[in-house]
$ cat model.cif   # mmCIF, C-alpha atoms
data_upload
#
loop_
_atom_site.label_atom_id
_atom_site.label_comp_id
_atom_site.auth_asym_id
_atom_site.auth_seq_id
_atom_site.Cartn_x
_atom_site.Cartn_y
_atom_site.Cartn_z
CA MET U 150 2.11 -6.63 24.09
CA ARG U 151 0.74 -8.55 21.13
CA ILE U 152 0.64 -7.33 17.55
CA LEU U 153 -1.64 -9.10 15.07
CA LEU U 154 -1.22 -8.24 11.38
CA CYS U 155 -4.25 -8.97 9.18
CA THR U 156 -3.65 -9.16 5.44
CA GLY U 157 -4.98 -10.78 2.29
CA LYS U 158 -5.67 -10.14 -1.36
CA GLY U 159 -7.59 -6.93 -2.02
CA GLY U 160 -11.35 -7.33 -1.62
CA VAL U 161 -11.38 -10.43 0.63
CA GLY U 162 -12.73 -8.55 3.66
CA LYS U 163 -9.59 -8.24 5.79
CA THR U 164 -10.56 -4.78 7.10
CA THR U 165 -13.90 -6.08 8.39
CA LEU U 166 -12.24 -9.09 10.04
CA ALA U 167 -9.49 -6.95 11.58
CA ALA U 168 -12.14 -4.64 13.02
CA ALA U 169 -14.19 -7.63 14.25
CA THR U 170 -11.10 -9.13 15.91
CA GLY U 171 -10.31 -5.86 17.66
CA ALA U 172 -13.91 -5.57 18.86
CA ALA U 173 -13.82 -9.15 20.19
CA LEU U 174 -10.57 -8.55 22.08
CA ALA U 175 -11.95 -5.41 23.69
CA ALA U 176 -15.13 -7.28 24.65
CA ARG U 177 -12.92 -9.80 26.48
CA GLY U 178 -11.37 -7.01 28.55
CA ARG U 179 -8.16 -6.33 26.59
CA LYS U 180 -7.33 -2.70 25.85
CA THR U 181 -7.05 -2.84 22.07
CA LEU U 182 -5.99 -0.53 19.25
CA VAL U 183 -6.91 -1.26 15.63
CA VAL U 184 -4.54 0.43 13.17
CA SER U 185 -5.06 0.75 9.42
CA THR U 186 -1.99 1.01 7.18
CA ASP U 187 -4.14 0.30 4.12
CA PRO U 188 -4.11 3.32 1.75
CA ALA U 189 -7.81 2.64 1.08
CA HIS U 190 -8.63 3.87 4.62
CA SER U 191 -11.84 1.84 5.00
CA LEU U 192 -11.41 1.03 8.70
CA GLY U 193 -13.55 4.03 9.66
CA ASP U 194 -16.29 2.71 7.39
CA ALA U 195 -16.23 -0.66 9.20
CA PHE U 196 -16.61 1.04 12.59
CA ALA U 197 -19.14 3.53 11.15
CA ARG U 198 -17.26 6.54 12.48
CA PRO U 199 -14.59 8.93 11.21
CA LEU U 200 -10.99 8.16 12.16
CA GLY U 201 -7.92 10.36 12.13
CA THR U 202 -4.15 9.98 12.37
CA GLU U 203 -4.23 9.80 16.17
CA PRO U 204 -6.10 7.07 18.11
CA SER U 205 -9.74 7.83 18.89
CA GLU U 206 -12.10 5.86 21.12
CA VAL U 207 -14.59 3.51 19.49
CA ASP U 208 -15.75 1.81 22.68
CA ALA U 209 -14.67 1.59 26.33
CA LEU U 210 -11.54 -0.54 25.67
CA LEU U 211 -11.35 -0.14 21.90
CA SER U 212 -9.64 2.60 19.89
CA ALA U 213 -8.77 2.95 16.22
CA VAL U 214 -6.49 5.03 14.01
CA GLN U 215 -5.62 5.37 10.31
CA VAL U 216 -1.94 5.83 9.50
CA ASP U 217 -1.27 8.39 6.77
CA SER U 218 2.10 7.36 5.38
CA ARG U 219 2.41 10.39 3.10
CA THR U 220 2.17 12.71 6.11
CA LEU U 221 4.84 10.64 7.84
CA VAL U 222 7.09 10.96 4.80
CA ASP U 223 6.66 14.73 4.71
CA ALA U 224 7.38 15.00 8.43
CA GLY U 225 10.33 12.68 8.90
CA TRP U 226 12.07 11.46 5.78
CA GLU U 227 13.42 14.54 4.07
CA ARG U 228 15.81 15.49 6.90
CA LEU U 229 17.34 12.01 7.06
CA ARG U 230 17.50 11.81 3.28
CA GLY U 231 19.46 15.07 3.25
CA GLU U 232 21.97 13.70 5.77
CA LEU U 233 22.35 10.47 3.80
CA ARG U 234 22.98 12.48 0.63
CA ALA U 235 25.71 14.46 2.38
CA VAL U 236 27.41 11.31 3.68
CA LEU U 237 27.31 9.59 0.28
CA ALA U 238 28.67 12.68 -1.47
CA GLY U 239 31.46 12.81 1.11
CA ALA U 240 32.28 9.19 0.28
CA GLY U 241 33.15 10.17 -3.29
CA LEU U 242 29.82 9.94 -5.07
CA ASP U 243 28.82 12.91 -7.15
CA THR U 244 25.64 14.81 -6.38
CA LEU U 245 23.48 12.99 -8.93
CA ASP U 246 24.55 9.51 -7.76
CA ALA U 247 23.99 10.43 -4.12
CA GLU U 248 20.52 11.76 -4.96
CA GLU U 249 19.59 8.52 -6.75
CA LEU U 250 20.82 6.29 -3.92
CA THR U 251 18.77 8.09 -1.29
CA VAL U 252 15.47 7.60 -3.10
CA LEU U 253 14.49 4.39 -1.32
CA PRO U 254 11.49 2.58 -2.81
CA GLY U 255 8.91 1.73 -0.19
CA VAL U 256 9.80 4.44 2.30
CA ASP U 257 6.06 5.08 2.77
CA GLU U 258 5.58 1.51 4.00
CA LEU U 259 8.69 1.69 6.18
CA LEU U 260 7.45 4.78 7.98
CA ALA U 261 3.98 3.24 8.34
CA LEU U 262 5.54 0.24 10.08
CA THR U 263 7.55 2.59 12.26
CA GLU U 264 4.34 4.36 13.25
CA VAL U 265 2.73 1.02 14.18
CA ARG U 266 5.67 0.31 16.46
CA ARG U 267 5.44 3.77 18.02
CA LEU U 268 1.74 3.38 18.71
CA ALA U 269 2.27 -0.10 20.16
CA GLU U 270 5.10 0.93 22.47
CA ASP U 271 3.95 4.40 23.55
CA GLY U 272 0.25 3.70 24.12
CA PRO U 273 -1.59 1.84 26.88
CA TRP U 274 -2.64 -0.96 24.54
CA GLU U 275 -2.36 -4.64 25.41
CA THR U 276 -3.05 -5.64 21.82
CA VAL U 277 -2.59 -3.89 18.48
CA VAL U 278 -4.50 -5.28 15.49
CA VAL U 279 -3.17 -3.97 12.17
CA ASP U 280 -5.36 -3.80 9.08
CA CYS U 281 -2.57 -4.05 6.50
CA GLY U 282 -2.80 -3.23 2.83
CA PRO U 283 -3.31 -5.92 0.17
CA THR U 284 -0.90 -8.85 0.27
CA ALA U 285 1.70 -7.51 -2.17
CA GLU U 286 1.98 -4.22 -0.27
CA THR U 287 2.17 -6.06 3.06
CA LEU U 288 5.01 -8.28 1.84
CA ARG U 289 6.95 -5.19 0.80
CA LEU U 290 6.21 -3.61 4.18
CA LEU U 291 7.45 -6.64 6.12
CA ALA U 292 10.56 -7.08 3.94
CA LEU U 293 11.72 -3.47 4.17
CA PRO U 294 13.53 -3.47 7.55
CA GLU U 295 15.88 -6.22 6.40
CA ALA U 296 16.23 -4.82 2.87
CA VAL U 297 17.09 -1.27 3.98
CA SER U 298 19.43 -2.56 6.70
CA GLY U 299 21.26 -4.60 4.07
CA TYR U 300 21.41 -1.52 1.82
CA LEU U 301 23.08 0.53 4.56
CA THR U 302 25.55 -2.27 5.30
CA ARG U 303 26.55 -2.54 1.63
CA VAL U 304 27.01 1.22 1.32
CA PHE U 305 28.82 1.90 4.60
CA GLY U 306 30.06 -1.52 5.74
CA PRO U 307 29.17 -3.15 9.07
CA ARG U 308 31.37 -0.66 10.94
CA GLY U 309 31.39 2.10 8.38
CA ARG U 310 31.77 5.75 9.25
CA VAL U 311 28.24 7.11 9.30
CA THR U 312 26.32 9.97 10.83
CA ASP U 313 24.44 9.54 14.09
CA SER U 314 21.18 9.69 12.12
CA VAL U 315 22.19 6.80 9.88
CA ARG U 316 23.39 4.80 12.89
CA ARG U 317 20.09 5.41 14.62
CA LEU U 318 18.25 4.32 11.46
CA GLY U 319 20.23 1.07 11.38
CA ALA U 320 19.45 0.35 15.03
CA HIS U 321 15.82 1.21 14.43
CA LEU U 322 15.62 -1.19 11.47
CA ASP U 323 17.17 -3.95 13.55
CA GLY U 324 14.52 -3.29 16.21
CA LEU U 325 11.72 -3.47 13.65
CA ARG U 326 13.07 -6.74 12.27
CA ALA U 327 13.31 -8.22 15.77
CA LEU U 328 9.75 -7.13 16.50
CA LEU U 329 8.38 -8.72 13.32
CA THR U 330 10.21 -12.03 13.74
CA ASP U 331 9.36 -12.62 17.42
CA PRO U 332 6.37 -15.00 17.31
CA ALA U 333 5.60 -14.29 20.95
CA VAL U 334 4.87 -10.68 19.97
CA THR U 335 3.92 -10.48 16.28
CA THR U 336 1.91 -12.87 14.13
CA VAL U 337 0.10 -12.63 10.81
CA ARG U 338 -3.47 -13.73 10.15
CA LEU U 339 -4.13 -14.35 6.49
CA VAL U 340 -7.63 -13.67 5.14
CA LEU U 341 -8.82 -15.31 1.93
CA THR U 342 -11.98 -16.12 0.04
CA PRO U 343 -12.35 -19.77 -1.06
CA GLU U 344 -11.50 -19.19 -4.72
CA ARG U 345 -8.62 -20.86 -6.50
CA VAL U 346 -6.95 -17.62 -7.65
CA VAL U 347 -7.09 -16.17 -4.13
CA VAL U 348 -5.90 -19.39 -2.50
CA ALA U 349 -2.96 -19.62 -4.93
CA GLU U 350 -1.83 -16.15 -3.82
CA ALA U 351 -2.33 -17.10 -0.17
CA ARG U 352 -0.05 -20.12 -0.59
CA ARG U 353 2.66 -17.95 -2.15
CA THR U 354 2.22 -15.50 0.73
CA LEU U 355 2.76 -18.29 3.27
CA SER U 356 6.06 -19.15 1.57
CA SER U 357 7.19 -15.54 1.46
CA LEU U 358 6.35 -14.90 5.12
CA ALA U 359 8.18 -18.06 6.13
CA LEU U 360 11.24 -16.88 4.21
CA ARG U 361 11.13 -13.69 6.28
CA GLY U 362 10.85 -15.63 9.52
CA ILE U 363 7.44 -14.11 10.24
CA ALA U 364 4.90 -16.36 11.96
CA VAL U 365 1.43 -16.98 10.53
CA ASP U 366 -0.94 -18.01 13.33
CA GLY U 367 -4.01 -18.75 11.24
CA LEU U 368 -6.01 -18.47 8.04
CA ILE U 369 -9.58 -17.23 7.72
CA ALA U 370 -11.83 -18.22 4.84
CA ASN U 371 -14.31 -15.37 4.48
CA ARG U 372 -17.60 -15.09 2.58
CA LEU U 373 -18.61 -18.73 2.35
CA MET U 374 -22.06 -19.30 0.93
CA PRO U 375 -24.63 -19.87 3.73
CA ALA U 376 -25.25 -23.35 5.13
CA PRO U 377 -27.53 -25.55 2.91
CA GLY U 378 -30.38 -25.48 5.42
CA LEU U 379 -31.00 -21.81 4.60
CA TRP U 380 -31.39 -22.25 0.84
CA ARG U 381 -34.83 -21.52 -0.58
CA GLY U 382 -36.36 -20.75 -3.97
CA GLY U 383 -34.87 -20.67 -7.43
CA ALA U 384 -31.41 -19.54 -6.23
CA ALA U 385 -30.86 -22.79 -4.31
CA SER U 386 -29.17 -24.54 -7.25
CA TRP U 387 -26.73 -21.67 -7.79
CA LEU U 388 -25.94 -21.49 -4.06
CA ARG U 389 -25.40 -25.25 -3.90
CA THR U 390 -22.98 -25.15 -6.83
CA ARG U 391 -21.07 -22.19 -5.40
CA ARG U 392 -20.77 -23.73 -1.92
CA THR U 393 -19.63 -27.04 -3.43
CA GLN U 394 -16.85 -25.21 -5.30
CA GLN U 395 -15.82 -23.37 -2.14
CA ASP U 396 -15.72 -26.58 -0.10
CA ALA U 397 -13.58 -28.20 -2.79
CA VAL U 398 -11.04 -25.36 -2.63
CA LEU U 399 -10.84 -25.61 1.17
CA ALA U 400 -10.43 -29.40 0.88
CA GLU U 401 -7.45 -28.81 -1.43
CA LEU U 402 -5.90 -26.55 1.20
CA ALA U 403 -6.37 -29.23 3.83
CA ALA U 404 -4.87 -31.88 1.54
CA ALA U 405 -1.82 -29.64 1.09
CA GLY U 406 -1.39 -29.48 4.87
CA ILE U 407 -2.67 -25.89 5.14
CA ALA U 408 -5.29 -26.39 7.83
CA PRO U 409 -7.28 -25.77 9.90
CA VAL U 410 -8.91 -22.72 8.37
CA ALA U 411 -11.46 -20.68 10.31
CA ARG U 412 -14.64 -19.88 8.39
CA VAL U 413 -17.03 -16.95 8.14
CA GLU U 414 -20.21 -17.10 6.08
CA HIS U 415 -21.31 -14.40 3.67
CA ARG U 416 -23.94 -11.99 4.93
CA ALA U 417 -26.80 -10.42 3.04
CA VAL U 418 -26.19 -7.06 4.76
CA GLU U 419 -22.80 -5.37 4.88
CA PRO U 420 -21.42 -5.66 8.45
CA VAL U 421 -20.96 -2.10 9.67
CA GLY U 422 -20.74 -0.90 13.27
CA LEU U 423 -19.84 -2.66 16.53
CA PRO U 424 -22.92 -4.92 16.87
CA ALA U 425 -22.44 -6.37 13.37
CA LEU U 426 -18.69 -6.76 13.90
CA LEU U 427 -19.21 -8.58 17.21
CA GLU U 428 -21.65 -10.92 15.46
CA ILE U 429 -18.95 -11.82 12.94
CA ALA U 430 -16.41 -12.29 15.74
CA ALA U 431 -18.78 -14.68 17.53
CA GLU U 432 -18.98 -16.85 14.41
CA LEU U 433 -15.26 -16.60 13.74
CA TYR U 434 -13.88 -17.31 17.21
CA ARG U 435 -16.79 -19.23 18.81
CA GLY U 436 -16.01 -17.99 22.30
CA GLU U 437 -12.26 -18.73 22.08
CA ASP U 438 -9.49 -16.18 22.57
CA PRO U 439 -9.01 -14.34 19.24
CA LEU U 440 -5.25 -14.29 19.87
CA ALA U 441 -5.01 -18.06 20.12
CA GLY U 442 -4.99 -18.43 16.33
CA ASN U 443 -5.43 -21.77 14.62
CA GLY U 444 -1.97 -22.29 13.22
CA THR U 445 0.80 -24.74 14.08
CA PRO U 446 3.78 -23.97 16.36
CA VAL U 447 6.46 -21.91 14.66
CA THR U 448 9.64 -23.80 13.81
CA PRO U 449 13.04 -22.12 13.28
CA LEU U 450 13.60 -20.95 9.74
CA LEU U 451 16.98 -22.72 9.52
CA ARG U 452 18.08 -26.01 11.09
CA VAL U 453 21.52 -27.54 10.45
CA ARG U 454 22.47 -31.20 10.81
CA LEU U 455 25.68 -33.12 10.18
CA ALA U 456 25.67 -35.43 7.17
CA ASP U 457 28.20 -37.62 5.37
CA GLY U 458 30.81 -35.30 3.94
CA GLY U 459 29.06 -32.12 4.99
CA TYR U 460 25.73 -30.84 6.25
CA THR U 461 22.03 -30.67 5.54
CA LEU U 462 20.31 -27.33 5.94
CA ARG U 463 16.54 -27.45 6.44
CA VAL U 464 14.64 -24.27 5.49
CA ALA U 465 11.18 -24.35 7.07
CA ILE U 466 8.99 -22.89 4.32
CA PRO U 467 5.69 -24.32 3.05
CA LEU U 468 5.97 -25.27 -0.61
CA ALA U 469 3.14 -26.04 -2.99
CA ARG U 470 3.61 -29.02 -5.32
CA ASP U 471 3.94 -26.67 -8.29
CA ALA U 472 6.13 -24.07 -6.54
CA GLU U 473 9.04 -22.70 -8.55
CA VAL U 474 12.19 -22.77 -6.39
CA ASP U 475 15.65 -21.48 -7.22
CA LEU U 476 18.80 -21.65 -5.06
CA ALA U 477 22.08 -19.83 -5.46
CA ARG U 478 25.13 -18.84 -3.42
CA VAL U 479 25.84 -15.11 -3.12
CA ASP U 480 29.08 -14.80 -1.14
CA ASP U 481 28.19 -16.01 2.39
CA ASP U 482 24.45 -15.93 1.74
CA LEU U 483 22.00 -18.45 0.37
CA ALA U 484 19.66 -16.84 -2.15
CA ILE U 485 16.26 -18.56 -2.11
CA THR U 486 13.58 -17.65 -4.63
CA VAL U 487 10.11 -19.18 -4.27
CA ASP U 488 7.46 -18.23 -6.84
CA GLY U 489 9.18 -14.92 -7.49
CA PHE U 490 9.78 -13.98 -3.84
CA ARG U 491 13.51 -13.81 -3.12
CA ARG U 492 15.48 -13.56 0.08
CA LEU U 493 19.17 -13.64 0.95
CA ILE U 494 19.68 -15.76 4.07
CA ALA U 495 23.01 -15.52 5.89
CA LEU U 496 24.51 -18.99 6.12
CA PRO U 497 25.60 -20.18 9.57
CA GLU U 498 29.36 -19.78 9.85
CA PRO U 499 30.31 -23.50 9.59
CA LEU U 500 28.44 -23.72 6.27
CA ARG U 501 30.10 -20.76 4.56
CA PRO U 502 33.05 -22.73 3.10
CA CYS U 503 30.66 -25.39 1.77
CA ARG U 504 29.20 -25.80 -1.69
CA ILE U 505 25.60 -26.73 -2.55
CA THR U 506 25.41 -30.28 -3.90
CA GLY U 507 21.67 -30.78 -4.10
CA ALA U 508 18.26 -29.96 -2.70
CA GLU U 509 14.78 -31.39 -2.39
CA SER U 510 11.54 -30.59 -0.62
CA ASP U 511 9.37 -32.56 1.76
CA ALA U 512 6.35 -31.93 3.99
CA ASP U 513 8.46 -29.75 6.33
CA GLY U 514 10.03 -27.50 3.72
CA LEU U 515 13.25 -27.33 1.73
CA VAL U 516 16.32 -29.52 2.43
CA VAL U 517 19.64 -28.24 1.05
CA HIS U 518 22.70 -30.51 0.94
CA LEU U 519 26.14 -28.93 1.33
CA ALA U 520 29.57 -30.49 1.10
CA GLY U 521 32.77 -29.05 2.52
CA ASN U 522 35.53 -29.13 5.13
CA ARG U 523 34.05 -29.17 8.62
CA GLY U 524 37.33 -27.99 10.03
CA ARG U 525 36.98 -24.55 8.44
CA GLY U 526 35.01 -21.63 9.91
#
$ encode --input "model.cif" --output "structure tokens"
Amino acid sequence: MRILLCTGKGGVGKTTLAAATGAALAARGRKTLVVSTDPAHSLGDAFARPLGTEPSEVDALLSAVQVDSRTLVDAGWERLRGELRAVLAGAGLDTLDAEELTVLPGVDELLALTEVRRLAEDGPWETVVVDCGPTAETLRLLALPEAVSGYLTRVFGPRGRVTDSVRRLGAHLDGLRALLTDPAVTTVRLVLTPERVVVAEARRTLSSLALRGIAVDGLIANRLMPAPGLWRGGAASWLRTRRTQQDAVLAELAAAGIAPVARVEHRAVEPVGLPALLEIAAELYRGEDPLAGNGTPVTPLLRVRLADGGYTLRVAIPLARDAEVDLARVDDDLAITVDGFRRLIALPEPLRPCRITGAESDADGLVVHLAGNRGRG
């Protein structure tokens, strides 16, 4: 089983490219499901056919489905929320406090991710391509399993007395987190248009995904102006200027070590339906396996080495030259904030008695220096 998550800033064409990727995989003989978790529900428009909340056939080996997270909330969340409220009230919280604590932000996204896992594991699919929502929503979606698991641990403790439902939820969240952070199973493909504002968000997204331990296997630059040989008439000057700007943005990405980037040119006619999607896939993948990606091998998020008087901890996250980075200790965790995205990372046990003495970044990420007694822990 392979799961490919396609995301990007709203309006960059990720739905079209997710649909094209699914069509290409099916054409190569892989039984493929394309799932939309995007509230905009435009996947059916790309395939030029209506889609529902259960998979429907698009072609011989290709099916598609649109996840309706609000329906999932209505069907599954209220019962668990009621049990959580009862447990919290039994732990000494009054009714109002218990009610507030069980209103978890992002439960729609959590249940959407759960539905993706169900479809992947219960169906006959070899590959599941997910058309995610815009980048900000996707980052919330991918962060939720760890965030909610941490919430439950803080409320009940690692071995707290909980109901079977809460225990099952914790195990389920651990399973989701393992699924997302296994690069042999799940990878992200980031879609962008070659514009500086979009690329800036893409670079922040790369940092945030790396903090979560989620592998990015490639970037796609969509909607490039056509090749110069096709320019004719009075619009040629405008097209030349626009393409020059786009090439400059992609060159900046390459200079920052974010390369290679696959490219798809802009089309005069909106690509709708299987023939048009397969045409895009042919340009995008050029006969190669769409699952191969164009990224670099995934390195472990954390690597520890001995140093004079302590340790160095390398955190493998891509950092732009102007990235804003903040480090702090929170009990046995290292709190890392990069351009507003924050994550608590559990420190390896030998490092927990240590104190942070300094940090710097290099081409491979963030290097944190810690001093302390190696005999402890």
$ closest_residue --input "model.cif" --among "U:Thr461, U:Thr335, U:Thr263, U:Ser357" --to "Thr186 in chain U" --atoms "all atoms listed in the file"
U:Thr263
$ atom_distance --input "model.cif" --atom1 "CA of Leu291 in chain U" --atom2 "CA of Asp257 in chain U"
12.3 Å
$ residues_around --input "model.cif" --residues "Glu264 in chain U" --least-positions-apart "5" --cutoff "12 Å" --atoms "all atoms listed in the file" --output "PyMOL selection string"
chain U and resi 184-186+202-204+214-222+225+257-259+269-272+277+279+321+325
$ closest_residue --input "model.cif" --among "U:Ile407, U:Leu290, U:Ala296, U:Leu483" --to "Val365 in chain U" --atoms "only C-alpha atoms"
U:Ile407
$ residues_around --input "model.cif" --residues "Thr330 in chain U" --least-positions-apart "5" --cutoff "12 Å" --atoms "only C-alpha atoms" --output "ChimeraX atom specification"
/U:152,291-292,294-295,323-325,335-337,358-365,447-450
$ residues_around --input "model.cif" --residues "Leu451 in chain U" --least-positions-apart "3" --cutoff "10 Å" --atoms "only C-alpha atoms" --output "number ranges by chain"
U: 360, 362, 448, 462-466, 494, 496-497, 515-516
$ write_last_selection --input "model.cif" --atoms "C-alpha atoms" --output "short mmCIF file (atom, residue, chain, number, x, y, z; two decimals), in the frame of the given file"
data_model
loop_
_atom_site.label_atom_id
_atom_site.label_comp_id
_atom_site.auth_asym_id
_atom_site.auth_seq_id
_atom_site.Cartn_x
_atom_site.Cartn_y
_atom_site.Cartn_z
CA LEU U 360 11.24 -16.88 4.21
CA GLY U 362 10.85 -15.63 9.52
CA THR U 448 9.64 -23.80 13.81
CA LEU U 462 20.31 -27.33 5.94
CA ARG U 463 16.54 -27.45 6.44
CA VAL U 464 14.64 -24.27 5.49
CA ALA U 465 11.18 -24.35 7.07
CA ILE U 466 8.99 -22.89 4.32
CA ILE U 494 19.68 -15.76 4.07
CA LEU U 496 24.51 -18.99 6.12
CA PRO U 497 25.60 -20.18 9.57
CA LEU U 515 13.25 -27.33 1.73
CA VAL U 516 16.32 -29.52 2.43
#
$ closest_atom_pairs --input "model.cif" --of "range 270-293 of chain U" --to "range 154-168 of chain U" --cutoff "12 Å" --atoms "only C-alpha atoms" --output "tab-separated table"
residue	atom	partner	partner_atom	distance
U:Thr276	CA	U:Leu154	CA	10.9
U:Val277	CA	U:Leu154	CA	8.4
U:Val278	CA	U:Leu154	CA	6.0
U:Val279	CA	U:Leu154	CA	4.8
U:Asp280	CA	U:Cys155	CA	5.3
U:Cys281	CA	U:Thr156	CA	5.3
U:Gly282	CA	U:Thr156	CA	6.5
U:Pro283	CA	U:Gly159	CA	4.9
U:Thr284	CA	U:Gly157	CA	4.9
U:Ala285	CA	U:Lys158	CA	7.9
U:Glu286	CA	U:Thr156	CA	9.4
U:Thr287	CA	U:Thr156	CA	7.0
U:Leu288	CA	U:Thr156	CA	9.4
U:Leu290	CA	U:Leu154	CA	11.3
U:Leu291	CA	U:Leu154	CA	10.3
$ write_last_selection --input "model.cif" --atoms "C-alpha atoms" --output "PDB file, in the frame of the given file"
ATOM      1  CA  THR U 276      -3.050  -5.640  21.820  1.00  0.00           C
ATOM      2  CA  VAL U 277      -2.590  -3.890  18.480  1.00  0.00           C
ATOM      3  CA  VAL U 278      -4.500  -5.280  15.490  1.00  0.00           C
ATOM      4  CA  VAL U 279      -3.170  -3.970  12.170  1.00  0.00           C
ATOM      5  CA  ASP U 280      -5.360  -3.800   9.080  1.00  0.00           C
ATOM      6  CA  CYS U 281      -2.570  -4.050   6.500  1.00  0.00           C
ATOM      7  CA  GLY U 282      -2.800  -3.230   2.830  1.00  0.00           C
ATOM      8  CA  PRO U 283      -3.310  -5.920   0.170  1.00  0.00           C
ATOM      9  CA  THR U 284      -0.900  -8.850   0.270  1.00  0.00           C
ATOM     10  CA  ALA U 285       1.700  -7.510  -2.170  1.00  0.00           C
ATOM     11  CA  GLU U 286       1.980  -4.220  -0.270  1.00  0.00           C
ATOM     12  CA  THR U 287       2.170  -6.060   3.060  1.00  0.00           C
ATOM     13  CA  LEU U 288       5.010  -8.280   1.840  1.00  0.00           C
ATOM     14  CA  LEU U 290       6.210  -3.610   4.180  1.00  0.00           C
ATOM     15  CA  LEU U 291       7.450  -6.640   6.120  1.00  0.00           C
TER      16      LEU U 291
END
$ closest_residue --input "model.cif" --among "U:Val410, U:Leu402, U:Ala213, U:Leu293" --to "Asp194 in chain U" --atoms "all atoms listed in the file"
U:Ala213
$ resolve_selection --input "model.cif" --expression "the PyMOL selection byres ((chain U and resi 495) around 10)" --output "ChimeraX atom specification"
/U:479-484,492-494,496-498,500-501
$ write_last_selection --input "model.cif" --atoms "C-alpha atoms" --output "short mmCIF file (atom, residue, chain, number, x, y, z; two decimals), in the frame of the given file"
data_model
loop_
_atom_site.label_atom_id
_atom_site.label_comp_id
_atom_site.auth_asym_id
_atom_site.auth_seq_id
_atom_site.Cartn_x
_atom_site.Cartn_y
_atom_site.Cartn_z
CA VAL U 479 25.84 -15.11 -3.12
CA ASP U 480 29.08 -14.80 -1.14
CA ASP U 481 28.19 -16.01 2.39
CA ASP U 482 24.45 -15.93 1.74
CA LEU U 483 22.00 -18.45 0.37
CA ALA U 484 19.66 -16.84 -2.15
CA ARG U 492 15.48 -13.56 0.08
CA LEU U 493 19.17 -13.64 0.95
CA ILE U 494 19.68 -15.76 4.07
CA LEU U 496 24.51 -18.99 6.12
CA PRO U 497 25.60 -20.18 9.57
CA GLU U 498 29.36 -19.78 9.85
CA LEU U 500 28.44 -23.72 6.27
CA ARG U 501 30.10 -20.76 4.56
#
$ closest_residue --input "model.cif" --among "U:Leu368, U:Val265, U:Val207, U:Ile505" --to "Lys180 in chain U" --atoms "only C-alpha atoms"
U:Val207
$ resolve_selection --input "model.cif" --expression "the PyMOL selection byres ((chain U and resi 460) around 12)" --output "ChimeraX atom specification"
/U:452-459,461-463,496-497,499-508,516-523
$ atom_distance --input "model.cif" --atom1 "CA of Leu211 in chain U" --atom2 "CA of Thr342 in chain U"
27.1 Å
$ closest_residue --input "model.cif" --among "U:Arg353, U:Arg266, U:Arg412, U:Arg338" --to "Leu373 in chain U" --atoms "all atoms listed in the file"
U:Arg412
$ resolve_selection --input "model.cif" --expression "the PyMOL selection byres ((chain U and resi 345) around 12)" --output "list in words"
Leu341, Thr342, Pro343, Glu344, Val346, Val347, Val348, Ala349, Glu350, Ala351, Arg352, Gln394, Gln395, Asp396, Ala397, Val398, Leu399, Ala400, Glu401 and Leu402 of chain U
$ closest_residue --input "model.cif" --among "U:Val413, U:Val487, U:Ala172, U:Arg151" --to "Asp331 in chain U" --atoms "only C-alpha atoms"
U:Arg151
$ atom_distance --input "model.cif" --atom1 "CA of Thr181 in chain U" --atom2 "CA of Ala320 in chain U"
27.6 Å
$ residues_around --input "model.cif" --residues "range 430-433 of chain U" --least-positions-apart "2" --cutoff "9 Å" --atoms "only C-alpha atoms" --output "VMD selection string"
chain U and resid 166 169 to 170 172 to 173 369 411 to 414 425 to 428 435 to 437 439
$ build_atoms --input "model.cif" --residues "range 450-458 of chain U" --atoms "N, CA and C atoms" --output "PDB file, in the coordinates of the input"
ATOM      1  N   LEU U 450      13.473 -21.012  11.197  1.00  0.00           N
ATOM      2  CA  LEU U 450      13.600 -20.950   9.740  1.00  0.00           C
ATOM      3  C   LEU U 450      14.698 -21.894   9.252  1.00  0.00           C
ATOM      4  N   LEU U 451      15.837 -21.913   9.942  1.00  0.00           N
ATOM      5  CA  LEU U 451      16.980 -22.720   9.520  1.00  0.00           C
ATOM      6  C   LEU U 451      17.344 -23.737  10.602  1.00  0.00           C
ATOM      7  N   ARG U 452      17.576 -24.978  10.187  1.00  0.00           N
ATOM      8  CA  ARG U 452      18.080 -26.010  11.090  1.00  0.00           C
ATOM      9  C   ARG U 452      19.209 -26.758  10.376  1.00  0.00           C
ATOM     10  N   VAL U 453      20.337 -26.923  11.054  1.00  0.00           N
ATOM     11  CA  VAL U 453      21.520 -27.540  10.450  1.00  0.00           C
ATOM     12  C   VAL U 453      21.786 -28.884  11.121  1.00  0.00           C
ATOM     13  N   ARG U 454      22.100 -29.883  10.294  1.00  0.00           N
ATOM     14  CA  ARG U 454      22.470 -31.200  10.810  1.00  0.00           C
ATOM     15  C   ARG U 454      23.722 -31.701  10.076  1.00  0.00           C
ATOM     16  N   LEU U 455      24.523 -32.503  10.802  1.00  0.00           N
ATOM     17  CA  LEU U 455      25.680 -33.120  10.180  1.00  0.00           C
ATOM     18  C   LEU U 455      25.218 -34.220   9.227  1.00  0.00           C
ATOM     19  N   ALA U 456      25.961 -34.365   8.148  1.00  0.00           N
ATOM     20  CA  ALA U 456      25.670 -35.430   7.170  1.00  0.00           C
ATOM     21  C   ALA U 456      27.002 -35.949   6.647  1.00  0.00           C
ATOM     22  N   ASP U 457      26.975 -37.064   5.934  1.00  0.00           N
ATOM     23  CA  ASP U 457      28.200 -37.620   5.370  1.00  0.00           C
ATOM     24  C   ASP U 457      28.856 -36.612   4.440  1.00  0.00           C
ATOM     25  N   GLY U 458      30.060 -36.210   4.788  1.00  0.00           N
ATOM     26  CA  GLY U 458      30.810 -35.300   3.940  1.00  0.00           C
ATOM     27  C   GLY U 458      30.373 -33.850   4.003  1.00  0.00           C
TER      28      GLY U 458
END
